[in-house]
$ cat target.txt   # compact mmCIF, C-alpha atoms
# COMPACT_ATOMS: atom_id res chain seq x y z
CA MET W 24 -68.95 224.28 102.89
CA ASN W 25 -68.72 222.33 99.65
CA CYS W 26 -70.59 225.11 97.88
CA ARG W 27 -68.05 227.69 99.10
CA ARG W 28 -65.21 225.43 98.02
CA CYS W 29 -66.74 225.04 94.56
CA THR W 30 -67.21 228.80 94.33
CA TYR W 31 -63.60 229.38 95.39
CA LEU W 32 -62.21 226.83 92.92
CA GLY W 33 -64.29 228.28 90.13
CA ALA W 34 -63.07 231.79 90.88
CA TYR W 35 -59.50 230.53 91.21
CA ASN W 36 -59.63 228.71 87.88
CA SER W 37 -61.10 231.80 86.21
CA PHE W 38 -58.33 233.92 87.72
CA ILE W 39 -55.56 231.57 86.53
CA GLU W 40 -57.17 231.23 83.10
CA GLU W 41 -57.31 235.01 82.73
CA LYS W 42 -53.66 235.39 83.79
CA PHE W 43 -52.57 232.68 81.32
CA LYS W 44 -53.93 234.82 78.51
CA HIS W 45 -51.07 237.25 79.14
CA LYS W 46 -48.17 234.80 79.19
CA GLU W 47 -45.28 237.24 79.48
CA LEU W 48 -46.91 239.23 82.28
CA HIS W 49 -47.80 236.01 84.10
CA LEU W 50 -44.22 234.74 83.79
CA GLU W 51 -42.94 238.11 85.03
CA GLU W 52 -45.16 238.08 88.14
CA LEU W 53 -44.43 234.41 88.84
CA SER W 54 -40.68 235.02 88.59
CA LYS W 55 -40.84 238.05 90.90
CA TYR W 56 -42.82 236.01 93.42
CA LEU W 57 -40.27 233.19 93.39
CA VAL W 58 -37.40 235.65 93.86
CA ARG W 59 -39.17 237.61 96.60
CA GLU W 60 -40.87 234.84 98.57
CA ARG W 61 -38.89 231.68 97.84
CA GLN W 62 -35.41 233.05 97.03
CA MET W 63 -35.52 231.10 93.76
CA ARG W 64 -34.68 232.40 90.28
CA LEU W 65 -36.02 231.06 86.99
CA ILE W 66 -33.48 230.20 84.31
CA VAL W 67 -34.66 230.45 80.68
CA ILE W 68 -32.54 228.82 77.95
CA ILE W 69 -32.99 229.88 74.30
CA ASP W 70 -30.99 227.30 72.37
CA ASN W 71 -30.01 227.23 68.69
CA ALA W 72 -30.97 230.87 68.12
CA ASP W 73 -28.43 231.03 65.29
CA GLN W 74 -30.43 228.46 63.28
CA PHE W 75 -32.98 231.15 62.38
CA ASP W 76 -32.91 234.28 60.20
CA MET W 77 -31.49 237.60 61.40
CA GLU W 78 -34.84 239.12 62.40
CA THR W 79 -35.78 236.08 64.50
CA GLN W 80 -32.39 236.11 66.22
CA GLU W 81 -32.75 239.82 67.04
CA SER W 82 -36.23 239.16 68.46
CA ALA W 83 -34.87 236.27 70.56
CA PHE W 84 -32.05 238.43 71.95
CA LEU W 85 -34.38 241.35 72.75
CA PHE W 86 -36.87 238.99 74.37
CA ALA W 87 -34.09 237.44 76.47
CA SER W 88 -32.87 240.89 77.60
CA SER W 89 -36.44 241.92 78.39
CA LEU W 90 -37.01 238.84 80.54
CA ASN W 91 -33.78 239.46 82.37
CA ARG W 92 -34.66 243.08 83.21
CA ARG W 93 -38.43 242.87 83.79
CA ALA W 94 -38.82 239.39 85.27
CA PHE W 95 -35.40 239.07 86.94
CA CYS W 96 -34.86 235.77 85.11
CA GLY W 97 -31.47 234.39 84.26
CA VAL W 98 -31.41 233.90 80.47
CA PHE W 99 -28.98 231.92 78.31
CA VAL W 100 -28.95 232.53 74.54
CA SER W 101 -26.75 230.18 72.51
CA LEU W 102 -25.03 231.58 69.42
CA ARG W 103 -22.20 230.40 67.22
CA GLU W 104 -18.95 232.27 67.77
CA GLY W 105 -19.12 233.85 64.32
CA TYR W 106 -22.48 235.45 64.98
CA TYR W 107 -21.40 236.72 68.38
CA TYR W 108 -18.28 238.42 66.96
CA LYS W 109 -20.34 239.84 64.10
CA TRP W 110 -22.99 241.42 66.31
CA ARG W 111 -21.37 242.17 69.66
CA ASN W 112 -20.74 245.85 68.79
CA LEU W 113 -23.91 246.38 66.75
CA PRO W 114 -27.42 247.36 67.86
CA PRO W 115 -29.41 245.97 69.52
CA PHE W 116 -26.74 243.68 70.99
CA ASN W 117 -24.47 246.48 72.21
CA ALA W 118 -27.36 248.06 74.16
CA PHE W 119 -27.28 245.36 76.83
CA GLU W 120 -24.52 244.13 79.08
CA SER W 121 -24.06 240.38 78.66
CA ASN W 122 -21.80 237.80 80.24
CA VAL W 123 -20.17 235.65 77.57
CA TYR W 124 -19.24 232.00 78.07
CA HIS W 125 -17.53 229.69 75.61
CA VAL W 126 -18.69 226.07 75.46
CA THR W 127 -16.22 223.78 73.71
CA ALA W 128 -17.78 221.30 71.30
CA PRO W 129 -17.47 217.65 72.41
CA LYS W 130 -15.24 215.24 70.52
CA TYR W 131 -17.10 213.97 67.50
CA SER W 132 -16.15 210.35 68.19
CA GLU W 133 -17.74 210.54 71.66
CA VAL W 134 -21.01 211.96 70.30
CA LEU W 135 -21.21 209.34 67.56
CA GLN W 136 -20.36 206.47 69.91
CA LYS W 137 -23.08 207.51 72.36
CA ARG W 138 -25.67 207.74 69.60
CA ILE W 139 -24.86 204.31 68.20
CA SER W 140 -24.87 202.81 71.72
CA TYR W 141 -28.24 204.44 72.41
CA THR W 142 -29.67 203.01 69.17
CA LEU W 143 -28.50 199.50 70.08
CA LYS W 144 -29.91 199.79 73.60
CA LYS W 145 -33.27 200.88 72.22
CA ILE W 146 -33.33 197.83 69.95
CA GLU W 147 -32.31 195.44 72.76
CA PHE W 148 -34.66 197.00 75.34
CA ASP W 149 -37.79 195.54 73.75
CA SER W 150 -37.05 191.92 72.90
CA SER W 151 -40.31 191.72 70.92
CA VAL W 152 -38.91 194.26 68.44
CA ILE W 153 -36.26 191.77 67.30
CA GLU W 154 -39.00 189.38 66.22
CA ARG W 155 -40.65 191.71 63.74
CA ASN W 156 -39.75 193.77 60.70
CA VAL W 157 -39.46 197.55 60.60
CA THR W 158 -41.19 199.51 57.84
CA GLY W 159 -40.59 203.03 56.64
CA VAL W 160 -40.71 205.36 53.65
CA ASN W 161 -37.61 206.73 51.91
CA GLN W 162 -37.15 210.24 50.48
CA VAL W 163 -38.55 209.21 47.10
CA GLY W 164 -41.69 207.79 48.72
CA TYR W 165 -40.99 204.06 48.35
CA LYS W 166 -41.99 201.82 51.23
CA ILE W 167 -39.08 199.90 52.78
CA GLU W 168 -39.20 196.87 55.06
CA MET W 169 -36.19 195.51 56.94
CA GLU W 170 -35.55 192.89 59.57
CA THR W 171 -34.73 194.54 62.89
CA GLN W 172 -31.98 191.95 63.44
CA ASN W 173 -30.27 193.27 60.29
CA ILE W 174 -30.43 196.82 61.61
CA LYS W 175 -28.92 195.68 64.90
CA GLU W 176 -26.09 193.82 63.16
CA PHE W 177 -25.38 196.83 60.92
CA PHE W 178 -24.99 199.17 63.89
CA LEU W 179 -22.92 196.56 65.73
CA SER W 180 -20.62 196.48 62.71
CA LEU W 181 -20.28 200.25 62.85
CA GLN W 182 -19.68 200.25 66.60
CA ASN W 183 -17.05 197.52 66.39
CA SER W 184 -15.20 199.13 63.50
CA LEU W 185 -15.40 202.91 63.70
CA PHE W 186 -13.82 203.25 67.13
CA ASP W 187 -11.02 200.75 66.64
CA ASN W 188 -7.51 202.13 66.06
CA SER W 189 -7.47 200.55 62.60
CA ASN W 190 -10.34 202.88 61.61
CA GLU W 191 -9.02 206.08 63.13
CA LEU W 192 -8.72 207.58 59.62
CA ILE W 193 -12.52 207.86 59.33
CA VAL W 194 -12.92 209.54 62.72
CA ASP W 195 -9.97 211.82 61.89
CA PHE W 196 -11.65 212.74 58.60
CA LEU W 197 -14.87 213.69 60.38
CA ASN W 198 -13.07 215.55 63.18
CA TYR W 199 -10.85 217.61 60.89
CA SER W 200 -13.57 218.24 58.31
CA THR W 201 -16.30 219.45 60.66
CA PHE W 202 -14.98 220.33 64.14
CA PRO W 203 -16.37 222.19 66.06
CA ASN W 204 -19.65 221.87 64.11
CA THR W 205 -20.84 218.54 65.52
CA ARG W 206 -24.09 218.75 63.53
CA GLU W 207 -22.14 218.84 60.28
CA GLY W 208 -20.13 215.79 61.38
CA LEU W 209 -23.34 213.89 62.08
CA ARG W 210 -24.72 215.00 58.71
CA LEU W 211 -21.66 213.59 56.92
CA PHE W 212 -22.00 210.33 58.81
CA LYS W 213 -25.68 210.19 57.87
CA LEU W 214 -24.65 210.61 54.21
CA PHE W 215 -22.45 207.54 54.62
CA LEU W 216 -25.32 205.52 56.12
CA ILE W 217 -27.82 206.35 53.36
CA SER W 218 -25.42 206.52 50.41
CA GLY W 219 -26.10 204.15 47.56
CA TYR W 220 -22.40 203.21 47.69
CA THR W 221 -22.52 201.99 51.30
CA ASP W 222 -22.88 198.21 51.08
CA VAL W 223 -25.11 197.64 54.11
CA SER W 224 -25.49 193.91 53.44
CA GLU W 225 -21.72 193.45 53.49
CA TYR W 226 -21.40 195.09 56.92
CA ILE W 227 -24.23 192.90 58.23
CA MET W 228 -22.50 189.76 56.94
CA ARG W 229 -19.23 190.83 58.57
CA VAL W 230 -20.92 190.78 61.98
CA ARG W 231 -23.04 187.69 61.34
CA PHE W 232 -20.13 185.51 60.23
CA ASN W 233 -17.35 187.10 62.25
CA ARG W 234 -15.19 184.48 63.93
CA ASP W 235 -12.87 184.89 66.92
CA ASN W 236 -13.79 188.59 67.24
CA HIS W 237 -11.69 189.66 64.26
CA LYS W 238 -11.41 193.41 63.80
CA ILE W 239 -13.90 194.77 61.26
CA THR W 240 -12.49 197.56 59.13
CA ILE W 241 -14.23 200.19 57.01
CA PRO W 242 -11.57 201.42 54.54
CA ILE W 243 -11.25 205.20 54.30
CA HIS W 244 -11.60 205.07 50.50
CA GLU W 245 -15.02 203.39 50.85
CA PHE W 246 -16.16 206.05 53.30
CA VAL W 247 -14.98 209.00 51.17
CA LYS W 248 -16.47 207.49 48.01
CA SER W 249 -19.82 206.97 49.76
CA ILE W 250 -20.14 210.55 50.99
CA GLY W 251 -18.44 212.08 47.93
CA LEU W 252 -20.71 210.48 45.34
CA HIS W 253 -23.74 209.95 47.59
CA ASN W 254 -26.19 208.45 45.07
CA LYS W 255 -24.60 209.70 41.84
CA LEU W 256 -22.62 207.62 39.37
CA TYR W 257 -20.02 210.35 38.88
CA TYR W 258 -18.50 213.10 41.01
CA ASN W 259 -19.67 216.71 40.76
CA HIS W 260 -17.94 219.23 43.02
CA GLU W 261 -20.95 221.56 42.99
CA ILE W 262 -23.12 219.08 44.89
CA SER W 263 -20.51 216.93 46.65
CA VAL W 264 -19.34 217.40 50.25
CA ILE W 265 -15.80 216.67 49.01
CA PRO W 266 -14.29 219.87 47.53
CA ASN W 267 -12.24 219.82 44.32
CA LEU W 268 -9.08 221.81 45.03
CA PHE W 269 -8.01 221.55 41.38
CA TYR W 270 -11.16 223.15 39.97
CA PRO W 271 -10.35 226.74 38.90
CA CYS W 272 -12.61 229.62 39.84
CA ASN W 273 -14.59 231.45 37.16
CA GLU W 274 -12.49 233.14 34.45
CA SER W 275 -9.40 231.18 35.46
CA SER W 276 -7.61 228.13 34.09
CA ASN W 277 -5.20 227.70 37.00
CA HIS W 278 -5.53 224.39 38.86
CA PHE W 279 -3.12 225.27 41.66
CA LEU W 280 -3.87 228.70 43.13
CA LYS W 281 -6.09 227.40 45.94
CA ILE W 282 -3.37 224.93 46.90
CA TRP W 283 -0.58 227.56 46.71
CA ILE W 284 -2.58 229.71 49.15
CA LEU W 285 -3.05 226.76 51.50
CA LYS W 286 0.68 225.94 51.31
CA TYR W 287 1.58 229.56 52.01
CA LEU W 288 -0.66 229.68 55.10
CA SER W 289 0.48 226.21 56.19
CA ASN W 290 4.11 227.38 56.13
CA LYS W 291 3.14 230.40 58.19
CA LEU W 292 1.51 228.12 60.77
CA LYS W 293 4.56 225.85 60.90
CA SER W 294 7.04 228.71 61.27
CA GLY W 295 5.05 230.94 63.62
CA GLY W 296 2.83 228.52 65.49
CA ASN W 297 -0.75 229.29 66.55
CA VAL W 298 0.24 232.69 67.92
CA ASN W 299 1.41 233.99 64.52
CA LYS W 300 -0.66 231.85 62.16
CA TYR W 301 -2.75 234.75 60.80
CA ASP W 302 -1.84 236.92 57.82
CA SER W 303 -3.83 239.97 56.76
CA LEU W 304 -5.98 239.33 53.71
CA SER W 305 -4.43 242.29 51.87
CA ASP W 306 -0.85 241.16 52.59
CA LEU W 307 -1.61 237.63 51.39
CA ALA W 308 -3.26 238.95 48.22
CA ASN W 309 -0.36 241.32 47.53
CA CYS W 310 2.09 238.46 47.92
CA PHE W 311 0.39 236.49 45.14
CA ILE W 312 -0.07 239.61 43.03
CA ASN W 313 3.71 240.00 43.18
CA TYR W 314 4.02 236.38 42.06
CA GLY W 315 2.11 237.35 38.91
CA TYR W 316 -1.46 236.24 39.62
CA LYS W 317 -4.44 238.49 38.80
CA THR W 318 -6.02 240.37 41.69
CA ASP W 319 -9.63 239.40 40.95
CA ILE W 320 -8.69 235.72 40.55
CA ILE W 321 -6.86 235.72 43.89
CA TYR W 322 -9.86 237.14 45.73
CA LYS W 323 -12.24 234.72 44.01
CA GLU W 324 -10.11 231.77 45.12
CA LEU W 325 -9.87 233.18 48.67
CA GLU W 326 -13.65 233.51 48.74
CA LEU W 327 -14.05 229.89 47.64
CA LEU W 328 -11.55 228.69 50.25
CA LEU W 329 -13.50 230.53 52.95
CA LYS W 330 -16.81 229.07 51.81
CA LEU W 331 -15.28 225.59 51.76
CA GLU W 332 -13.94 226.28 55.29
CA LEU W 333 -10.40 225.43 54.20
CA ILE W 334 -9.22 228.76 55.58
CA GLU W 335 -10.69 230.81 58.43
CA THR W 336 -10.58 234.40 59.67
CA ASP W 337 -10.19 236.10 63.02
CA GLU W 338 -13.79 237.27 62.47
CA ILE W 339 -14.87 233.58 62.18
CA LEU W 340 -16.66 234.13 58.85
CA THR W 341 -16.87 230.36 58.30
CA ASP W 342 -19.35 230.21 61.19
CA ILE W 343 -21.93 232.56 59.64
CA LYS W 344 -23.82 232.91 56.38
CA TRP W 345 -22.54 235.40 53.81
CA VAL W 346 -22.80 235.80 50.03
CA ASN W 347 -19.88 238.01 49.00
CA LEU W 348 -16.50 238.39 50.70
CA PRO W 349 -16.90 241.18 53.31
CA GLU W 350 -15.01 244.40 52.53
CA LYS W 351 -13.85 244.97 56.11
CA VAL W 352 -10.22 244.33 57.04
CA PHE W 353 -9.56 240.93 58.59
CA ASN W 354 -6.85 238.29 58.92
CA VAL W 355 -6.83 234.75 57.55
CA CYS W 356 -5.15 231.46 58.44
CA ILE W 357 -5.36 227.85 57.32
CA SER W 358 -8.12 225.91 59.08
CA ALA W 359 -7.84 222.42 60.56
CA LYS W 360 -9.85 221.18 57.59
CA GLY W 361 -7.56 222.96 55.13
CA TYR W 362 -4.44 221.59 56.80
CA TYR W 363 -5.90 218.07 56.74
CA TYR W 364 -6.84 218.27 53.07
CA LEU W 365 -3.44 219.71 52.13
CA ASN W 366 -1.39 217.14 54.01
CA GLU W 367 -3.61 214.05 53.85
CA VAL W 368 -6.76 213.88 51.71
CA MET W 369 -5.40 215.69 48.65
CA ASN W 370 -2.50 213.24 48.36
CA ARG W 371 -4.51 210.04 48.25
CA PHE W 372 -5.59 207.90 45.31
CA TYR W 373 -9.23 207.87 46.45
CA TYR W 374 -9.37 211.70 46.29
CA PHE W 375 -7.89 211.90 42.80
CA GLU W 376 -10.31 209.24 41.55
CA LEU W 377 -13.16 211.56 42.46
CA VAL W 378 -11.93 215.03 41.53
CA LEU W 379 -10.46 214.13 38.13
CA GLN W 380 -14.01 213.35 37.00
CA ASP W 381 -15.06 217.01 36.85
CA THR W 382 -11.73 218.85 36.64
CA PRO W 383 -11.50 220.71 33.32
CA ILE W 384 -8.58 219.50 31.14
CA PHE W 385 -6.99 222.33 29.15
CA ASP W 386 -4.70 220.15 27.04
CA GLU W 387 -6.33 218.31 24.13
CA VAL W 388 -3.77 215.49 24.03
CA PHE W 389 -4.14 214.69 27.72
CA PHE W 390 -7.92 215.04 27.46
CA ASN W 391 -8.08 212.46 24.66
CA ASN W 392 -5.72 210.11 26.52
CA MET W 393 -7.83 210.27 29.68
CA CYS W 394 -11.03 209.69 27.71
CA GLN W 395 -9.52 206.55 26.19
CA VAL W 396 -8.55 204.95 29.51
CA PHE W 397 -11.33 206.32 31.77
CA PRO W 398 -13.48 203.37 32.94
CA HIS W 399 -17.22 203.96 32.93
CA CYS W 400 -19.40 202.68 35.75
CA THR W 401 -21.46 199.52 35.67
CA GLU W 402 -25.00 199.57 37.07
CA ASN W 403 -23.51 198.81 40.49
CA GLY W 404 -21.04 201.69 40.27
CA LYS W 405 -18.06 199.34 39.73
CA ARG W 406 -15.18 200.32 37.42
CA ASN W 407 -12.16 198.47 36.04
CA MET W 408 -9.26 198.88 38.52
CA ASN W 409 -6.49 198.78 35.92
CA ASN W 410 -8.14 201.61 33.99
CA ARG W 411 -8.75 203.54 37.20
CA ILE W 412 -5.01 203.48 37.94
CA GLU W 413 -4.13 204.49 34.37
CA THR W 414 -6.56 207.42 34.54
CA VAL W 415 -5.12 208.73 37.81
CA GLU W 416 -1.56 208.38 36.51
CA CYS W 417 -2.51 210.23 33.31
CA PHE W 418 -4.13 212.99 35.38
CA MET W 419 -0.99 213.27 37.50
CA ARG W 420 1.14 213.66 34.36
CA TYR W 421 -1.25 216.36 33.14
CA LEU W 422 -0.95 218.27 36.42
CA GLY W 423 2.83 217.96 36.26
CA GLU W 424 2.79 219.48 32.76
CA GLN W 425 0.50 222.30 33.90
CA GLU W 426 2.65 223.00 36.95
CA ASN W 427 5.60 223.68 34.68
CA HIS W 428 3.79 226.85 33.55
CA GLU W 429 3.54 228.21 37.10
CA PRO W 430 5.79 231.17 38.09
CA ARG W 431 9.29 230.00 38.99
CA VAL W 432 9.31 232.13 42.13
CA VAL W 433 6.28 230.23 43.49
CA LEU W 434 7.84 226.84 42.79
CA ASN W 435 11.10 227.93 44.37
CA GLN W 436 9.48 229.33 47.53
CA LEU W 437 6.61 226.89 48.09
CA GLY W 438 7.84 223.74 46.37
CA SER W 439 6.21 221.50 43.77
CA ILE W 440 2.59 220.55 44.49
CA VAL W 441 2.71 217.49 42.24
CA GLN W 442 5.88 216.17 43.84
CA ASP W 443 4.41 216.70 47.31
CA ILE W 444 1.35 214.68 46.31
CA LYS W 445 3.52 211.81 45.11
CA ASN W 446 5.72 211.83 48.21
CA LYS W 447 2.89 212.19 50.76
CA GLY W 448 0.77 209.28 49.63
CA MET W 449 0.01 208.92 45.94
CA ASP W 450 3.02 206.80 44.96
CA ALA W 451 2.53 204.52 47.96
CA ASP W 452 -1.22 204.16 47.28
CA ILE W 453 -0.72 203.18 43.65
CA ARG W 454 2.06 200.77 44.59
CA ASN W 455 -0.12 199.09 47.25
CA ILE W 456 -3.10 198.78 44.90
CA LYS W 457 -0.97 197.24 42.16
CA ASP W 458 0.53 194.77 44.63
CA LYS W 459 -2.89 193.67 45.89
CA MET W 460 -4.27 193.37 42.36
CA GLY W 461 -1.17 191.63 41.02
CA LEU W 462 -0.65 194.44 38.51
CA SER W 463 2.91 195.42 39.45

$ encode --input "target.txt" --output "structure tokens"
Amino acid sequence: MNCRRCTYLGAYNSFIEEKFKHKELHLEELSKYLVRERQMRLIVIIDNADQFDMETQESAFLFASSLNRRAFCGVFVSLREGYYYKWRNLPPFNAFESNVYHVTAPKYSEVLQKRISYTLKKIEFDSSVIERNVTGVNQVGYKIEMETQNIKEFFLSLQNSLFDNSNELIVDFLNYSTFPNTREGLRLFKLFLISGYTDVSEYIMRVRFNRDNHKITIPIHEFVKSIGLHNKLYYNHEISVIPNLFYPCNESSNHFLKIWILKYLSNKLKSGGNVNKYDSLSDLANCFINYGYKTDIIYKELELLLKLELIETDEILTDIKWVNLPEKVFNVCISAKGYYYLNEVMNRFYYFELVLQDTPIFDEVFFNNMCQVFPHCTENGKRNMNNRIETVECFMRYLGEQENHEPRVVLNQLGSIVQDIKNKGMDADIRNIKDKMGLS
């Protein structure tokens, strides 16, 4: 009897081993069996297909359709909206009938809060971890050793500060700048954590010596500086996550065209609401051509605004990779990020402190004046506050002088950019800084 059993098991194992060599056929037969005999259906999920190149994504979609038809499996393929709209009427995607579902991205603050809470629970779960140091290797290859208690106190500081109402500006910045791309929001937050300008020891001390549960605040200017400079002494818009709206496109010396376009689309949103927020790309371009701007410069600035995700299209081009502006007809509107930069970030002292560092100055007198007052960084990245204020004020005067050369019709219809900046935050920021520093 045992001999027969051994013979059977050997034959069975050989049979299964042979079937496993043909994985797709085995899955197909297994799925058909479950449907036929057990009234059960396999569900296959192919997640993050859009993270790969076009050929891989096509293969994933064809494989999913094949499984659905041959093996009677239910198959979910996740794509970004932009890729779906780009491909839905193109082969091979139009050869198969698909049911489309939209999954709304979660609030960024909720995702971040859960991740920080999970990190703290992992640290607290093993009490022995608190008693030893943690070692690791940074990107350069240097070995790093830290006390686990310090790591815990750092994340406690973040948890106690980020989600308090007094720190809503940071969460707003991340939400407006990256929603619905949660991965990008987490990437920006990671930049803050590993930036050379994030004073980790200070946040640890805030928790360690906090008395009476005082609220711990991370100022928005510290956060933007940390992610804007990362580990560089000076700002460079080509490598920074903070865009420079005053940097002209190639073959242009106009600091304001990007902002005029954003103001134009912002006014359209305010007057028409979400239903009528779009304007055709050609109509928008013709409007600014009539104002007196060059056609090629307008399209270059529009292309930059799209790449920076400050404007978006009804084809959701900001959600996919592209090199040159597509020639097909589409409509554009201001994005949440563009609206936030236009009405908040662009008007703040901390933004001007960064972008003036690589904005070309086309007036020799102003250039020399700014060079004289511009404070250079110490080894710790610190700069003289009085000179920082003088530099920003000089840059504002320069922009005011340059704005006087803009077409009158634009100023009359869209209003002064420089005056808006002063009214929406700059004057108040400088006044508050001078008061705190005793410079007023």

$ atom_distance --input "target.txt" --atom1 "atom CA of Ile334 of chain W" --atom2 "atom CA of Ser358 of chain W"
4.6 Å

$ residues_around --input "target.txt" --residues "Glu413 of chain W" --least-positions-apart "3" --cutoff "9 Å" --atoms "only C-alpha atoms" --output "VMD selection string"
chain W and resid 393 396 to 397 408 to 410 416 to 418

$ atom_distance --input "target.txt" --atom1 "atom CA of Leu65 of chain W" --atom2 "atom CA of Pro114 of chain W"
26.6 Å

$ closest_atom_pairs --input "target.txt" --of "segment 274-387 of chain W" --to "segment 195-200 of chain W" --cutoff "7 Å" --atoms "only C-alpha atoms" --output "CSV"
residue,atom,partner,partner_atom,distance
W:Ala359,CA,W:Tyr199,CA,5.7
W:Lys360,CA,W:Ser200,CA,4.8
W:Tyr363,CA,W:Tyr199,CA,6.5

$ residues_around --input "target.txt" --residues "Ile444 of chain W" --least-positions-apart "2" --cutoff "10 Å" --atoms "only C-alpha atoms" --output "list in words"
Leu365, Asn366, Glu367, Val368, Met369, Asn370, Arg371, Phe372, Met419, Ser439, Ile440, Val441, Gln442, Asn446, Lys447, Gly448, Met449 and Asp450 of chain W

$ closest_atom_pairs --input "target.txt" --of "segment 354-398 of chain W" --to "segment 299-316 of chain W" --cutoff "6 Å" --atoms "all atoms listed in the file" --output "tab-separated table"
residue	atom	partner	partner_atom	distance
W:Asn354	CA	W:Ser303	CA	4.1
W:Val355	CA	W:Tyr301	CA	5.2
W:Cys356	CA	W:Tyr301	CA	4.7

$ closest_residue --input "target.txt" --among "W:Ile384, W:Lys317, W:Glu191, W:Ile412" --to "Met460 of chain W" --atoms "only C-alpha atoms"
W:Ile412

$ atom_distance --input "target.txt" --atom1 "atom CA of Asn71 of chain W" --atom2 "atom CA of Leu48 of chain W"
24.8 Å

$ residues_around --input "target.txt" --residues "Leu50 of chain W" --least-positions-apart "4" --cutoff "8 Å" --atoms "only C-alpha atoms" --output "ChimeraX atom specification"
/W:46,54,94

$ closest_residue --input "target.txt" --among "W:His399, W:Lys248, W:Arg59, W:Lys281" --to "Leu333 of chain W" --atoms "only C-alpha atoms"
W:Lys281

$ residues_around --input "target.txt" --residues "Phe99 of chain W" --least-positions-apart "3" --cutoff "10 Å" --atoms "only C-alpha atoms" --output "list of chain:residue names"
W:Ile66, W:Val67, W:Ile68, W:Ile69, W:Asp70, W:Phe84, W:Ala87, W:Ser88, W:Asn91, W:Cys96, W:Leu102, W:Ser121, W:Asn122, W:Val123, W:Tyr124

$ residues_around --input "target.txt" --residues "segment 252-264 of chain W" --least-positions-apart "4" --cutoff "6 Å" --atoms "all atoms listed in the file" --output "list in words"
Ser218, Gly219, Lys248 and Leu377 of chain W

$ closest_residue --input "target.txt" --among "W:Cys394, W:Leu280, W:Leu325, W:Leu216" --to "Glu429 of chain W" --atoms "only C-alpha atoms"
W:Leu280

$ build_atoms --input "target.txt" --residues "segment 428-442 of chain W" --atoms "N, CA and C atoms" --output "PDB file, keeping the file's coordinate frame"
ATOM      1  N   HIS W 428       4.111 225.488  34.017  1.00  0.00           N
ATOM      2  CA  HIS W 428       3.790 226.850  33.550  1.00  0.00           C
ATOM      3  C   HIS W 428       3.578 227.827  34.705  1.00  0.00           C
ATOM      4  N   GLU W 429       3.686 227.339  35.941  1.00  0.00           N
ATOM      5  CA  GLU W 429       3.540 228.210  37.100  1.00  0.00           C
ATOM      6  C   GLU W 429       4.784 229.085  37.267  1.00  0.00           C
ATOM      7  N   PRO W 430       4.641 230.279  37.893  1.00  0.00           N
ATOM      8  CA  PRO W 430       5.790 231.170  38.090  1.00  0.00           C
ATOM      9  C   PRO W 430       6.927 230.462  38.835  1.00  0.00           C
ATOM     10  N   ARG W 431       8.126 230.631  38.367  1.00  0.00           N
ATOM     11  CA  ARG W 431       9.290 230.000  38.990  1.00  0.00           C
ATOM     12  C   ARG W 431       9.437 230.387  40.455  1.00  0.00           C
ATOM     13  N   VAL W 432       9.128 231.658  40.757  1.00  0.00           N
ATOM     14  CA  VAL W 432       9.310 232.130  42.130  1.00  0.00           C
ATOM     15  C   VAL W 432       8.400 231.364  43.092  1.00  0.00           C
ATOM     16  N   VAL W 433       7.195 230.985  42.644  1.00  0.00           N
ATOM     17  CA  VAL W 433       6.280 230.230  43.490  1.00  0.00           C
ATOM     18  C   VAL W 433       6.825 228.828  43.733  1.00  0.00           C
ATOM     19  N   LEU W 434       7.279 228.184  42.658  1.00  0.00           N
ATOM     20  CA  LEU W 434       7.840 226.840  42.790  1.00  0.00           C
ATOM     21  C   LEU W 434       9.057 226.826  43.691  1.00  0.00           C
ATOM     22  N   ASN W 435       9.885 227.862  43.558  1.00  0.00           N
ATOM     23  CA  ASN W 435      11.100 227.930  44.370  1.00  0.00           C
ATOM     24  C   ASN W 435      10.781 228.149  45.849  1.00  0.00           C
ATOM     25  N   GLN W 436       9.779 228.984  46.136  1.00  0.00           N
ATOM     26  CA  GLN W 436       9.480 229.330  47.530  1.00  0.00           C
ATOM     27  C   GLN W 436       8.559 228.320  48.220  1.00  0.00           C
ATOM     28  N   LEU W 437       7.608 227.762  47.470  1.00  0.00           N
ATOM     29  CA  LEU W 437       6.610 226.890  48.090  1.00  0.00           C
ATOM     30  C   LEU W 437       6.787 225.424  47.737  1.00  0.00           C
ATOM     31  N   GLY W 438       7.597 225.122  46.739  1.00  0.00           N
ATOM     32  CA  GLY W 438       7.840 223.740  46.370  1.00  0.00           C
ATOM     33  C   GLY W 438       6.780 223.181  45.435  1.00  0.00           C
ATOM     34  N   SER W 439       7.108 222.096  44.746  1.00  0.00           N
ATOM     35  CA  SER W 439       6.210 221.500  43.770  1.00  0.00           C
ATOM     36  C   SER W 439       5.009 220.832  44.444  1.00  0.00           C
ATOM     37  N   ILE W 440       3.811 221.176  43.976  1.00  0.00           N
ATOM     38  CA  ILE W 440       2.590 220.550  44.490  1.00  0.00           C
ATOM     39  C   ILE W 440       2.524 219.091  44.053  1.00  0.00           C
ATOM     40  N   VAL W 441       2.800 218.842  42.780  1.00  0.00           N
ATOM     41  CA  VAL W 441       2.710 217.490  42.240  1.00  0.00           C
ATOM     42  C   VAL W 441       3.680 216.548  42.935  1.00  0.00           C
ATOM     43  N   GLN W 442       4.894 217.012  43.167  1.00  0.00           N
ATOM     44  CA  GLN W 442       5.880 216.170  43.840  1.00  0.00           C
ATOM     45  C   GLN W 442       5.486 215.891  45.279  1.00  0.00           C
TER      46      GLN W 442
END
